[in-house]
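Shown next, in structure tokens, is the structure this report addresses.
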Amino acid sequence: MYQNGHVATGFGINSVGKIPLGLKRKGLRIVVTGGAGFVGSHLVDRLMARGDSVIVVDNFFTGRKENLVHHFGNPRFELIRHDVVEPLLLEVDQIYHLACPASPVHYKHNPLHKTNVVGTLNMLGLAKRIGARFLLTSTSEVYGDPLQHPQVETYWGNVNPIGVRSCYDEGKRTAETLTMDYHRGAEVEVRIARIFNTYGPRMCIDDGRVVSNFVAQALRKEPLTVYGDGKQTRSFQFVSDLVEGLMRLMEGEHVGPFNLGNPGEFTMLELAQVVQETIDPNAKIEFKPNTEDDPHKRKPDISKAKELLGWEPKIALRKGLPMMVSDFRQRIFGDHKQDAA
Ligand code: NAD
Ligand code: UDP
Ligand code: UDP
């Protein structure tokens, strides 16, 4: 089988898809693009625990091998260093397509549109050829700076097509369009998730997202940097809730799009307060100018996911944050090897 010359670890190339002897039930063969990243690695953990055979495809742009090292040597696990912008030939049952840097700090400086457009096209071409089910991890950013609050899936959004964030927003919008084109035109079985701000262990420490910034700053005894007046809102979802939603969506019968997020809405000042309560009540706050085109409000309406997927988040911010803090504490002060790429 052709794999673009990339050396794979785990089970051999010729045995891709074969379920190793000894498994009680027949697992699925699943590709997770972006599986070395924050969300992807948690998804891989769940799929491996379920008994599936998992192939991670990742170029390590923002992902880290350390997020997956506990699966190395497992015959059901394989890791391929590959950029999804290049074609890929594999045989699998399902494709979770996550590959895409998700932090503004990363995506403003890289040819993200190419990853979203060409990368998604390639994975849809792959899904079409092998008859696999394809799930796209889209984003709440498709709603832009929303004029409707909370956001429902039927809302078409308010996006600046030429702004600094547009490579991400418009890239994901195009990815959604491509996904629906392949569904309608080539009868590919597709699923679309619109993910709202998610946090948890294994987030990049210095990728500039607000929860990781505040937690790292409080632990390092630096001031928490609040952008603008801090009155803008976001709704923060713990990563295990998201992974449960993604798996239900993949296994269910509905195409979507589905909002997957926690409706608990916080201003950035309120978030700073929760971080102070959790880590250091004396942490200072420092105001900084806000970034361009920053959405003022964001909160998911999750009625559709509740009704059709039987899904809703279970972990509130005050419960989820401490789990992320212990991971950050260990990575910042403890085992420094974990920070190596
Ligand atoms: P992440 O940056 O931790 O993970 C993305 C992974 O994709 C990384 O491992 C990276 O190396 C890999 N990648 C990037 N470009 C690639 C390419 N061209 N080829 C192969 N691999 C590539 O981000 P995350 O938070 O885990 O996000 C995962 C997905 O969820 C993304 O599609 C993102 O847009 C979406 N999403 C995340 C959030 C969030 O709050 N975390 C919100 C909305 C949507
Ligand atoms: N593709 C891929 N793996 C496959 C099949 C297709 O990476 O197994 C890529 C292919 O290189 C192309 C894209 O997916 O760039 C779209 O493929 P499709 O067959 O839909 O379109 P076409 O090749 O006819 O333009
Ligand atoms: N933000 C902040 N301080 C930071 C980083 C971000 O106040 O150190 C704000 C940012 O301006 C935005 C919100 O937090 O209003 C969420 O930003 P993030 O980049 O985490 O996610 P996104 O804007 O993509 O929802």
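Letters for chains follow the order of the structure tokens (A, B, ...), residue numbers begin at 1 for each chain, and ligand numbers begin at 1 in the order shown.
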
Quick one: contact table of chain A to ligand 1, 7 Å max, nearest atom pair and distance in Å to one decimal per residue, counting only C-alpha atoms and all ligand atoms, chain and number order, as a Markdown table?
```
| residue | atom | partner | partner_atom_place_in_ligand_line | distance |
| --- | --- | --- | --- | --- |
| A:Thr33 | CA | ligand 1 | 21 (N) | 6.0 |
| A:Gly34 | CA | ligand 1 | 7 (O) | 3.3 |
| A:Gly35 | CA | ligand 1 | 9 (O) | 5.7 |
| A:Ala36 | CA | ligand 1 | 9 (O) | 4.1 |
| A:Gly37 | CA | ligand 1 | 9 (O) | 3.2 |
| A:Phe38 | CA | ligand 1 | 26 (O) | 3.7 |
| A:Val39 | CA | ligand 1 | 26 (O) | 3.6 |
| A:Gly40 | CA | ligand 1 | 26 (O) | 5.4 |
| A:Val57 | CA | ligand 1 | 20 (C) | 6.1 |
| A:Asp58 | CA | ligand 1 | 21 (N) | 3.6 |
| A:Asn59 | CA | ligand 1 | 20 (C) | 4.2 |
| A:Phe60 | CA | ligand 1 | 11 (O) | 3.5 |
| A:Phe61 | CA | ligand 1 | 11 (O) | 3.7 |
| A:Thr62 | CA | ligand 1 | 11 (O) | 3.9 |
| A:Gly63 | CA | ligand 1 | 9 (O) | 3.0 |
| A:Arg64 | CA | ligand 1 | 9 (O) | 6.4 |
| A:His82 | CA | ligand 1 | 20 (C) | 5.7 |
| A:Asp83 | CA | ligand 1 | 19 (N) | 3.5 |
| A:Val84 | CA | ligand 1 | 19 (N) | 4.1 |
| A:Val85 | CA | ligand 1 | 18 (N) | 5.6 |
| A:Leu98 | CA | ligand 1 | 32 (O) | 3.9 |
| A:Ala99 | CA | ligand 1 | 7 (O) | 3.5 |
| A:Cys100 | CA | ligand 1 | 14 (C) | 3.9 |
| A:Pro101 | CA | ligand 1 | 2 (O) | 4.0 |
| A:Ala102 | CA | ligand 1 | 34 (O) | 4.5 |
| A:Ser103 | CA | ligand 1 | 2 (O) | 6.6 |
| A:Thr115 | CA | ligand 1 | 18 (N) | 4.7 |
| A:Gly119 | CA | ligand 1 | 18 (N) | 6.5 |
| A:Thr137 | CA | ligand 1 | 32 (O) | 5.0 |
| A:Ser138 | CA | ligand 1 | 44 (C) | 5.5 |
| A:Thr139 | CA | ligand 1 | 43 (C) | 4.1 |
| A:Ser140 | CA | ligand 1 | 43 (C) | 6.1 |
| A:Arg194 | CA | ligand 1 | 44 (C) | 6.7 |
| A:Ile195 | CA | ligand 1 | 43 (C) | 4.2 |
| A:Phe196 | CA | ligand 1 | 42 (C) | 4.9 |
| A:Asn197 | CA | ligand 1 | 40 (O) | 3.6 |
| A:Thr198 | CA | ligand 1 | 40 (O) | 3.7 |
| A:Tyr199 | CA | ligand 1 | 40 (O) | 6.3 |
| A:Met203 | CA | ligand 1 | 3 (O) | 6.2 |
| A:Cys204 | CA | ligand 1 | 3 (O) | 6.5 |
```

With N, CA and C atoms kept, could you save the residues just selected as a CSV table (one decimal), in the first residue's frame?
```
chain,number,residue,atom,x,y,z
A,33,THR,N,-6.9,12.5,11.6
A,33,THR,CA,-5.9,13.5,11.2
A,33,THR,C,-5.8,14.5,12.3
A,34,GLY,N,-4.6,15.0,12.6
A,34,GLY,CA,-4.4,15.9,13.7
A,34,GLY,C,-4.5,15.2,15.0
A,35,GLY,N,-4.2,13.9,15.0
A,35,GLY,CA,-4.4,13.1,16.2
A,35,GLY,C,-3.3,13.3,17.3
A,36,ALA,N,-2.2,14.0,16.9
A,36,ALA,CA,-1.2,14.3,17.9
A,36,ALA,C,-1.4,15.6,18.6
A,37,GLY,N,-2.5,16.3,18.3
A,37,GLY,CA,-2.9,17.5,18.9
A,37,GLY,C,-3.7,17.4,20.2
A,38,PHE,N,-4.2,18.5,20.7
A,38,PHE,CA,-4.9,18.5,22.0
A,38,PHE,C,-6.2,17.6,21.9
A,39,VAL,N,-7.1,18.0,21.1
A,39,VAL,CA,-8.4,17.3,21.0
A,39,VAL,C,-8.1,15.9,20.4
A,40,GLY,N,-7.3,15.8,19.3
A,40,GLY,CA,-7.1,14.5,18.6
A,40,GLY,C,-6.6,13.5,19.5
A,57,VAL,N,-2.6,10.6,11.6
A,57,VAL,CA,-1.9,11.3,10.5
A,57,VAL,C,-1.6,12.7,11.0
A,58,ASP,N,-0.4,13.1,11.1
A,58,ASP,CA,-0.1,14.5,11.7
A,58,ASP,C,1.3,14.9,11.2
A,59,ASN,N,1.4,16.2,11.0
A,59,ASN,CA,2.7,16.8,10.6
A,59,ASN,C,3.4,17.5,11.7
A,60,PHE,N,2.8,17.4,12.9
A,60,PHE,CA,3.4,17.9,14.2
A,60,PHE,C,3.6,19.4,14.1
A,61,PHE,N,2.8,20.1,13.4
A,61,PHE,CA,2.9,21.5,13.3
A,61,PHE,C,2.6,22.1,14.7
A,62,THR,N,1.5,21.7,15.3
A,62,THR,CA,1.2,22.1,16.7
A,62,THR,C,1.1,20.9,17.6
A,63,GLY,N,1.0,19.7,17.0
A,63,GLY,CA,0.9,18.5,17.8
A,63,GLY,C,2.2,18.0,18.4
A,64,ARG,N,2.1,17.0,19.3
A,64,ARG,CA,3.4,16.5,19.9
A,64,ARG,C,3.3,15.0,20.1
A,82,HIS,N,2.7,13.1,8.3
A,82,HIS,CA,2.3,13.4,6.9
A,82,HIS,C,1.5,14.8,7.0
A,83,ASP,N,1.7,15.6,5.9
A,83,ASP,CA,0.9,16.8,5.8
A,83,ASP,C,-0.3,16.5,4.9
A,84,VAL,N,-1.5,16.8,5.5
A,84,VAL,CA,-2.8,16.4,4.7
A,84,VAL,C,-2.9,17.2,3.4
A,85,VAL,N,-2.1,18.2,3.3
A,85,VAL,CA,-2.1,19.0,2.0
A,85,VAL,C,-1.6,18.1,0.8
A,98,LEU,N,-9.3,16.3,11.9
A,98,LEU,CA,-9.1,17.4,12.8
A,98,LEU,C,-7.9,18.2,12.4
A,99,ALA,N,-7.0,17.8,11.5
A,99,ALA,CA,-5.8,18.5,11.2
A,99,ALA,C,-6.0,19.9,10.8
A,100,CYS,N,-5.5,20.8,11.6
A,100,CYS,CA,-5.7,22.3,11.4
A,100,CYS,C,-5.2,22.9,12.7
A,101,PRO,N,-4.3,23.9,12.6
A,101,PRO,CA,-4.0,24.6,13.9
A,101,PRO,C,-5.2,25.4,14.3
A,102,ALA,N,-5.5,25.4,15.6
A,102,ALA,CA,-6.7,26.0,16.1
A,102,ALA,C,-6.5,27.3,16.9
A,103,SER,N,-5.2,27.7,17.1
A,103,SER,CA,-5.0,28.9,17.8
A,103,SER,C,-4.7,30.1,16.9
A,115,THR,N,-4.3,24.1,4.3
A,115,THR,CA,-4.7,23.0,5.2
A,115,THR,C,-6.2,22.7,5.2
A,119,GLY,N,-6.3,20.2,2.3
A,119,GLY,CA,-6.3,19.1,3.2
A,119,GLY,C,-7.6,18.4,3.3
A,137,THR,N,-14.2,18.4,11.8
A,137,THR,CA,-14.2,19.3,13.0
A,137,THR,C,-14.2,20.7,12.6
A,138,SER,N,-15.4,21.3,12.4
A,138,SER,CA,-15.5,22.7,12.1
A,138,SER,C,-15.5,23.5,13.4
A,139,THR,N,-15.9,24.7,13.3
A,139,THR,CA,-15.7,25.6,14.5
A,139,THR,C,-16.9,26.6,14.7
A,140,SER,N,-17.0,27.0,15.9
A,140,SER,CA,-18.0,28.1,16.1
A,140,SER,C,-17.5,29.4,15.4
A,194,ARG,N,-19.5,21.6,14.8
A,194,ARG,CA,-19.0,23.0,15.0
A,194,ARG,C,-18.6,23.1,16.5
A,195,ILE,N,-17.3,23.1,16.7
A,195,ILE,CA,-16.8,23.0,18.1
A,195,ILE,C,-16.6,24.4,18.7
A,196,PHE,N,-17.1,24.6,19.9
A,196,PHE,CA,-16.9,25.9,20.6
A,196,PHE,C,-15.7,25.7,21.5
A,197,ASN,N,-15.1,26.8,22.0
A,197,ASN,CA,-13.9,26.9,22.8
A,197,ASN,C,-13.8,25.7,23.7
A,198,THR,N,-12.7,25.0,23.6
A,198,THR,CA,-12.5,23.7,24.4
A,198,THR,C,-11.1,23.8,25.1
A,199,TYR,N,-11.1,23.3,26.3
A,199,TYR,CA,-9.9,23.4,27.1
A,199,TYR,C,-9.7,22.1,27.8
A,203,MET,N,-3.4,20.8,26.2
A,203,MET,CA,-3.4,22.0,25.4
A,203,MET,C,-2.0,22.6,25.3
A,204,CYS,N,-1.7,23.2,24.1
A,204,CYS,CA,-0.4,23.8,24.0
A,204,CYS,C,-0.3,24.9,25.1
```

Taking only C-alpha atoms and all ligand atoms into account, report as a PyMOL selection string which residues have an atom no farther than 6 Å from an atom of ligand 2. chain A and resi 87-89+121-123+125-126+129

Output N, CA and C atoms for every residue in that selection, as an mmCIF file, in the first residue's frame.
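Output file out_2.cif is given in full below:
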```
data_model
loop_
_atom_site.group_PDB
_atom_site.id
_atom_site.type_symbol
_atom_site.label_atom_id
_atom_site.label_comp_id
_atom_site.auth_asym_id
_atom_site.auth_seq_id
_atom_site.Cartn_x
_atom_site.Cartn_y
_atom_site.Cartn_z
ATOM 1 N N PRO A 87 -1.706 14.234 -0.972
ATOM 2 C CA PRO A 87 -2.628 13.093 -1.021
ATOM 3 C C PRO A 87 -2.161 11.945 -0.134
ATOM 4 N N LEU A 88 -3.116 11.113 0.252
ATOM 5 C CA LEU A 88 -2.817 10.018 1.186
ATOM 6 C C LEU A 88 -3.655 8.802 0.788
ATOM 7 N N LEU A 89 -3.039 7.655 0.729
ATOM 8 C CA LEU A 89 -3.772 6.425 0.402
ATOM 9 C C LEU A 89 -3.765 5.491 1.597
ATOM 10 N N LEU A 121 -10.074 18.573 1.141
ATOM 11 C CA LEU A 121 -10.377 17.974 -0.162
ATOM 12 C C LEU A 121 -9.724 16.592 -0.278
ATOM 13 N N ASN A 122 -8.472 16.503 0.112
ATOM 14 C CA ASN A 122 -7.773 15.217 0.033
ATOM 15 C C ASN A 122 -8.440 14.165 0.910
ATOM 16 N N MET A 123 -8.827 14.546 2.123
ATOM 17 C CA MET A 123 -9.423 13.556 3.027
ATOM 18 C C MET A 123 -10.818 13.150 2.549
ATOM 19 N N GLY A 125 -11.560 13.119 -0.712
ATOM 20 C CA GLY A 125 -11.240 12.247 -1.854
ATOM 21 C C GLY A 125 -10.928 10.834 -1.367
ATOM 22 N N LEU A 126 -10.192 10.767 -0.260
ATOM 23 C CA LEU A 126 -9.872 9.468 0.352
ATOM 24 C C LEU A 126 -11.164 8.765 0.794
ATOM 25 N N ARG A 129 -13.069 7.406 -2.196
ATOM 26 C CA ARG A 129 -12.472 6.234 -2.842
ATOM 27 C C ARG A 129 -12.704 4.959 -2.038
#
```

Do you have, as JSON lines, the list of residues of chain A lying at most 9 Å from ligand 3, each with its nearest atom pair and that distance in Å to one decimal, counting only C-alpha atoms and all ligand atoms and ordered by chain then number?
```
{"residue": "A:Ala102", "atom": "CA", "partner": "ligand 3", "partner_atom_place_in_ligand_line": "24 (O)", "distance": 7.6}
{"residue": "A:Ser103", "atom": "CA", "partner": "ligand 3", "partner_atom_place_in_ligand_line": "19 (O)", "distance": 6.2}
{"residue": "A:Pro104", "atom": "CA", "partner": "ligand 3", "partner_atom_place_in_ligand_line": "19 (O)", "distance": 5.8}
{"residue": "A:Val105", "atom": "CA", "partner": "ligand 3", "partner_atom_place_in_ligand_line": "19 (O)", "distance": 7.8}
{"residue": "A:Ser140", "atom": "CA", "partner": "ligand 3", "partner_atom_place_in_ligand_line": "25 (O)", "distance": 8.1}
{"residue": "A:Glu141", "atom": "CA", "partner": "ligand 3", "partner_atom_place_in_ligand_line": "24 (O)", "distance": 7.0}
{"residue": "A:Arg165", "atom": "CA", "partner": "ligand 3", "partner_atom_place_in_ligand_line": "24 (O)", "distance": 8.9}
{"residue": "A:Phe196", "atom": "CA", "partner": "ligand 3", "partner_atom_place_in_ligand_line": "25 (O)", "distance": 7.7}
{"residue": "A:Asn197", "atom": "CA", "partner": "ligand 3", "partner_atom_place_in_ligand_line": "25 (O)", "distance": 5.9}
{"residue": "A:Thr198", "atom": "CA", "partner": "ligand 3", "partner_atom_place_in_ligand_line": "20 (O)", "distance": 8.8}
{"residue": "A:Asp207", "atom": "CA", "partner": "ligand 3", "partner_atom_place_in_ligand_line": "19 (O)", "distance": 8.6}
{"residue": "A:Gly208", "atom": "CA", "partner": "ligand 3", "partner_atom_place_in_ligand_line": "5 (C)", "distance": 5.6}
{"residue": "A:Arg209", "atom": "CA", "partner": "ligand 3", "partner_atom_place_in_ligand_line": "20 (O)", "distance": 3.4}
{"residue": "A:Val210", "atom": "CA", "partner": "ligand 3", "partner_atom_place_in_ligand_line": "5 (C)", "distance": 3.7}
{"residue": "A:Val211", "atom": "CA", "partner": "ligand 3", "partner_atom_place_in_ligand_line": "20 (O)", "distance": 6.2}
{"residue": "A:Ser212", "atom": "CA", "partner": "ligand 3", "partner_atom_place_in_ligand_line": "20 (O)", "distance": 7.8}
{"residue": "A:Asn213", "atom": "CA", "partner": "ligand 3", "partner_atom_place_in_ligand_line": "8 (O)", "distance": 5.1}
{"residue": "A:Phe214", "atom": "CA", "partner": "ligand 3", "partner_atom_place_in_ligand_line": "8 (O)", "distance": 6.3}
{"residue": "A:Gln217", "atom": "CA", "partner": "ligand 3", "partner_atom_place_in_ligand_line": "8 (O)", "distance": 8.9}
{"residue": "A:Leu224", "atom": "CA", "partner": "ligand 3", "partner_atom_place_in_ligand_line": "8 (O)", "distance": 6.9}
{"residue": "A:Thr225", "atom": "CA", "partner": "ligand 3", "partner_atom_place_in_ligand_line": "8 (O)", "distance": 4.7}
{"residue": "A:Val226", "atom": "CA", "partner": "ligand 3", "partner_atom_place_in_ligand_line": "7 (O)", "distance": 3.7}
{"residue": "A:Tyr227", "atom": "CA", "partner": "ligand 3", "partner_atom_place_in_ligand_line": "7 (O)", "distance": 3.8}
{"residue": "A:Gly228", "atom": "CA", "partner": "ligand 3", "partner_atom_place_in_ligand_line": "11 (O)", "distance": 6.8}
{"residue": "A:Asp229", "atom": "CA", "partner": "ligand 3", "partner_atom_place_in_ligand_line": "7 (O)", "distance": 8.4}
{"residue": "A:Gly230", "atom": "CA", "partner": "ligand 3", "partner_atom_place_in_ligand_line": "7 (O)", "distance": 6.0}
{"residue": "A:Lys231", "atom": "CA", "partner": "ligand 3", "partner_atom_place_in_ligand_line": "15 (O)", "distance": 8.4}
{"residue": "A:Gln232", "atom": "CA", "partner": "ligand 3", "partner_atom_place_in_ligand_line": "15 (O)", "distance": 5.6}
{"residue": "A:Thr233", "atom": "CA", "partner": "ligand 3", "partner_atom_place_in_ligand_line": "15 (O)", "distance": 6.8}
{"residue": "A:Arg234", "atom": "CA", "partner": "ligand 3", "partner_atom_place_in_ligand_line": "16 (C)", "distance": 6.4}
{"residue": "A:Ser235", "atom": "CA", "partner": "ligand 3", "partner_atom_place_in_ligand_line": "25 (O)", "distance": 8.7}
{"residue": "A:Thr267", "atom": "CA", "partner": "ligand 3", "partner_atom_place_in_ligand_line": "13 (C)", "distance": 8.6}
{"residue": "A:Met268", "atom": "CA", "partner": "ligand 3", "partner_atom_place_in_ligand_line": "7 (O)", "distance": 5.6}
{"residue": "A:Leu269", "atom": "CA", "partner": "ligand 3", "partner_atom_place_in_ligand_line": "7 (O)", "distance": 7.9}
{"residue": "A:Ala272", "atom": "CA", "partner": "ligand 3", "partner_atom_place_in_ligand_line": "7 (O)", "distance": 8.6}
{"residue": "A:Phe287", "atom": "CA", "partner": "ligand 3", "partner_atom_place_in_ligand_line": "7 (O)", "distance": 8.1}
{"residue": "A:Lys288", "atom": "CA", "partner": "ligand 3", "partner_atom_place_in_ligand_line": "7 (O)", "distance": 7.9}
{"residue": "A:Pro289", "atom": "CA", "partner": "ligand 3", "partner_atom_place_in_ligand_line": "11 (O)", "distance": 8.5}
{"residue": "A:Asn290", "atom": "CA", "partner": "ligand 3", "partner_atom_place_in_ligand_line": "11 (O)", "distance": 5.4}
{"residue": "A:Thr291", "atom": "CA", "partner": "ligand 3", "partner_atom_place_in_ligand_line": "11 (O)", "distance": 5.9}
{"residue": "A:Glu292", "atom": "CA", "partner": "ligand 3", "partner_atom_place_in_ligand_line": "11 (O)", "distance": 8.7}
{"residue": "A:Asp294", "atom": "CA", "partner": "ligand 3", "partner_atom_place_in_ligand_line": "15 (O)", "distance": 5.7}
{"residue": "A:Pro295", "atom": "CA", "partner": "ligand 3", "partner_atom_place_in_ligand_line": "15 (O)", "distance": 6.5}
{"residue": "A:His296", "atom": "CA", "partner": "ligand 3", "partner_atom_place_in_ligand_line": "15 (O)", "distance": 6.9}
{"residue": "A:Lys297", "atom": "CA", "partner": "ligand 3", "partner_atom_place_in_ligand_line": "15 (O)", "distance": 8.3}
{"residue": "A:Arg298", "atom": "CA", "partner": "ligand 3", "partner_atom_place_in_ligand_line": "25 (O)", "distance": 7.8}
```

Store the residues of this selection in a file with N, CA and C atoms, as a compact mmCIF listing (two decimals), in the first residue's frame.
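File produced: again-v5.txt:
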```
# COMPACT_ATOMS: atom_id res chain seq x y z
N ALA A 102 -5.46 25.39 15.64
CA ALA A 102 -6.69 26.02 16.11
C ALA A 102 -6.47 27.29 16.91
N SER A 103 -5.21 27.69 17.08
CA SER A 103 -5.00 28.91 17.84
C SER A 103 -4.70 30.09 16.93
N PRO A 104 -5.31 31.25 17.22
CA PRO A 104 -5.06 32.43 16.38
C PRO A 104 -3.58 32.72 16.21
N VAL A 105 -2.78 32.50 17.26
CA VAL A 105 -1.35 32.77 17.17
C VAL A 105 -0.71 31.95 16.06
N SER A 140 -17.02 27.05 15.88
CA SER A 140 -17.96 28.15 16.13
C SER A 140 -17.53 29.42 15.41
N GLU A 141 -16.25 29.46 14.97
CA GLU A 141 -15.78 30.65 14.24
C GLU A 141 -16.52 30.84 12.91
N ARG A 165 -8.52 37.07 10.82
CA ARG A 165 -8.99 35.76 11.26
C ARG A 165 -9.58 34.95 10.12
N PHE A 196 -17.10 24.61 19.89
CA PHE A 196 -16.90 25.86 20.62
C PHE A 196 -15.67 25.72 21.52
N ASN A 197 -15.14 26.84 21.98
CA ASN A 197 -13.88 26.88 22.75
C ASN A 197 -13.77 25.71 23.72
N THR A 198 -12.69 24.95 23.57
CA THR A 198 -12.49 23.75 24.37
C THR A 198 -11.14 23.85 25.09
N ASP A 207 0.19 28.70 23.27
CA ASP A 207 -0.38 28.94 21.95
C ASP A 207 -1.27 30.17 21.90
N GLY A 208 -1.40 30.86 23.02
CA GLY A 208 -2.07 32.16 22.99
C GLY A 208 -3.56 32.11 23.24
N ARG A 209 -4.13 30.91 23.38
CA ARG A 209 -5.56 30.87 23.67
C ARG A 209 -5.80 31.29 25.11
N VAL A 210 -6.99 31.78 25.37
CA VAL A 210 -7.17 32.48 26.64
C VAL A 210 -7.04 31.57 27.86
N VAL A 211 -7.62 30.37 27.82
CA VAL A 211 -7.57 29.53 29.02
C VAL A 211 -6.12 29.10 29.29
N SER A 212 -5.42 28.68 28.22
CA SER A 212 -4.03 28.24 28.42
C SER A 212 -3.17 29.43 28.86
N ASN A 213 -3.40 30.61 28.28
CA ASN A 213 -2.65 31.79 28.72
C ASN A 213 -2.85 32.06 30.21
N PHE A 214 -4.11 32.16 30.62
CA PHE A 214 -4.40 32.52 32.02
C PHE A 214 -3.82 31.49 32.99
N GLN A 217 -0.04 31.74 33.01
CA GLN A 217 0.37 32.99 33.66
C GLN A 217 0.21 32.90 35.18
N LEU A 224 -2.40 38.08 34.59
CA LEU A 224 -3.30 37.52 33.57
C LEU A 224 -3.60 38.62 32.55
N THR A 225 -3.33 38.33 31.28
CA THR A 225 -3.49 39.36 30.25
C THR A 225 -4.92 39.35 29.71
N VAL A 226 -5.70 40.34 30.10
CA VAL A 226 -7.08 40.45 29.59
C VAL A 226 -7.07 41.41 28.41
N TYR A 227 -7.53 40.95 27.26
CA TYR A 227 -7.54 41.79 26.06
C TYR A 227 -8.81 42.63 26.00
N GLY A 228 -8.65 43.90 25.62
CA GLY A 228 -9.80 44.81 25.53
C GLY A 228 -10.33 45.10 26.92
N ASP A 229 -11.68 45.27 27.03
CA ASP A 229 -12.24 45.56 28.36
C ASP A 229 -12.57 44.29 29.13
N GLY A 230 -12.37 43.12 28.47
CA GLY A 230 -12.61 41.85 29.17
C GLY A 230 -14.08 41.50 29.28
N LYS A 231 -14.94 42.28 28.58
CA LYS A 231 -16.38 42.00 28.70
C LYS A 231 -16.87 41.06 27.59
N GLN A 232 -15.98 40.77 26.61
CA GLN A 232 -16.37 39.81 25.57
C GLN A 232 -16.58 38.44 26.22
N THR A 233 -17.46 37.63 25.63
CA THR A 233 -17.76 36.33 26.26
C THR A 233 -17.35 35.15 25.38
N ARG A 234 -17.09 34.04 26.06
CA ARG A 234 -16.88 32.76 25.42
C ARG A 234 -17.52 31.71 26.32
N SER A 235 -17.76 30.52 25.74
CA SER A 235 -18.33 29.41 26.50
C SER A 235 -17.33 28.27 26.44
N THR A 267 -17.56 36.10 30.76
CA THR A 267 -16.73 37.18 30.22
C THR A 267 -15.28 36.81 30.54
N MET A 268 -14.34 37.46 29.82
CA MET A 268 -12.93 37.13 30.07
C MET A 268 -12.52 37.54 31.48
N LEU A 269 -13.17 38.59 32.00
CA LEU A 269 -12.89 38.99 33.39
C LEU A 269 -13.39 37.93 34.37
N ALA A 272 -10.99 35.11 34.26
CA ALA A 272 -9.79 35.45 35.04
C ALA A 272 -10.05 35.21 36.53
N PHE A 287 -4.48 44.70 31.61
CA PHE A 287 -5.29 44.89 30.40
C PHE A 287 -4.37 45.16 29.21
N LYS A 288 -4.69 44.53 28.06
CA LYS A 288 -3.90 44.73 26.83
C LYS A 288 -4.88 45.03 25.70
N PRO A 289 -4.39 45.69 24.64
CA PRO A 289 -5.30 45.98 23.53
C PRO A 289 -5.84 44.69 22.93
N ASN A 290 -7.09 44.72 22.51
CA ASN A 290 -7.69 43.51 21.93
C ASN A 290 -7.22 43.31 20.49
N THR A 291 -7.41 42.09 20.01
CA THR A 291 -7.03 41.77 18.64
C THR A 291 -8.15 42.19 17.68
N GLU A 292 -7.79 42.29 16.40
CA GLU A 292 -8.75 42.75 15.38
C GLU A 292 -9.87 41.72 15.18
N ASP A 294 -12.23 40.65 16.93
CA ASP A 294 -12.52 39.70 18.00
C ASP A 294 -14.02 39.59 18.21
N PRO A 295 -14.59 38.37 18.11
CA PRO A 295 -16.03 38.24 18.34
C PRO A 295 -16.42 38.72 19.75
N HIS A 296 -17.52 39.47 19.84
CA HIS A 296 -17.93 40.03 21.12
C HIS A 296 -18.55 38.99 22.04
N LYS A 297 -19.32 38.07 21.44
CA LYS A 297 -20.05 37.11 22.26
C LYS A 297 -20.02 35.75 21.59
N ARG A 298 -20.02 34.72 22.38
CA ARG A 298 -20.18 33.40 21.78
C ARG A 298 -20.76 32.43 22.80
```

Taking the DSSP assignment computed from this structure's backbone, write out as a PyMOL selection string all residues of stretch 10-248 of chain A that belong to strand (DSSP E or B). chain A and resi 29-33+53-58+77-81+94-97+133-139+144+151+158+190-195+198-199+224-227+233-235+237-238

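Atom CA of A:Ile55 is found 4.7 Å from atom CA of A:Val31.
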
Compare A:Leu28, A:Met48, A:Phe266, A:Leu219 by their minimum atom-to-atom distance to A:Phe72, counting only C-alpha atoms, and give me the closest one.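 Checking each candidate against A:Phe72, we get A:Met48 as the closest.
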
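Ranking A:Ser166, A:Thr278, A:Thr179, A:Thr174 by their shortest atom-to-atom distance to A:Val215, with only C-alpha atoms included, puts A:Thr278 first.
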
Applying 7 Å and only C-alpha atoms, which residues near stretch 148-157 of chain A remain after dropping the ones on its own chain fewer than 5 positions away? List them as a list of chain:residue names. A:Val142, A:Tyr143, A:Pro257, A:Phe258, A:Asn259, A:Arg298, A:Lys299, A:Pro300, A:Asp301

Pick out the residues sitting within 12 Å of A:Asn282, and hand them over as a PyMOL selection string; count only C-alpha atoms, and ignore anything fewer than 3 positions along from it in its own chain. chain A and resi 218-219+221-224+272-273+275-279+285

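Proximity ranking of A:Gly131, A:Lys26, A:Val190, A:Asp145 relative to A:Pro161 places A:Asp145 first, based on only C-alpha atoms.
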
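Distance check against A:Ile95 using only C-alpha atoms: of A:Ile30, A:Leu79, A:Val56, A:Cys167, the minimum falls on A:Ile30.
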
Atom CA of A:Asp241 to atom CA of A:Tyr182: how many Å, to one decimal?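 Between atom CA of A:Asp241 and atom CA of A:Tyr182 the gap is 28.3 Å.
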
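Scanning stretch 33-102 of chain A with DSSP on the backbone, the helix (DSSP H, G or I) assignments fall on Phe38, Val39, Gly40, Ser41, His42, Leu43, Val44, Asp45, Arg46, Leu47, Met48, Ala49, Arg50, Lys65, Glu66, Asn67, Val69, His70 and His71 of chain A.
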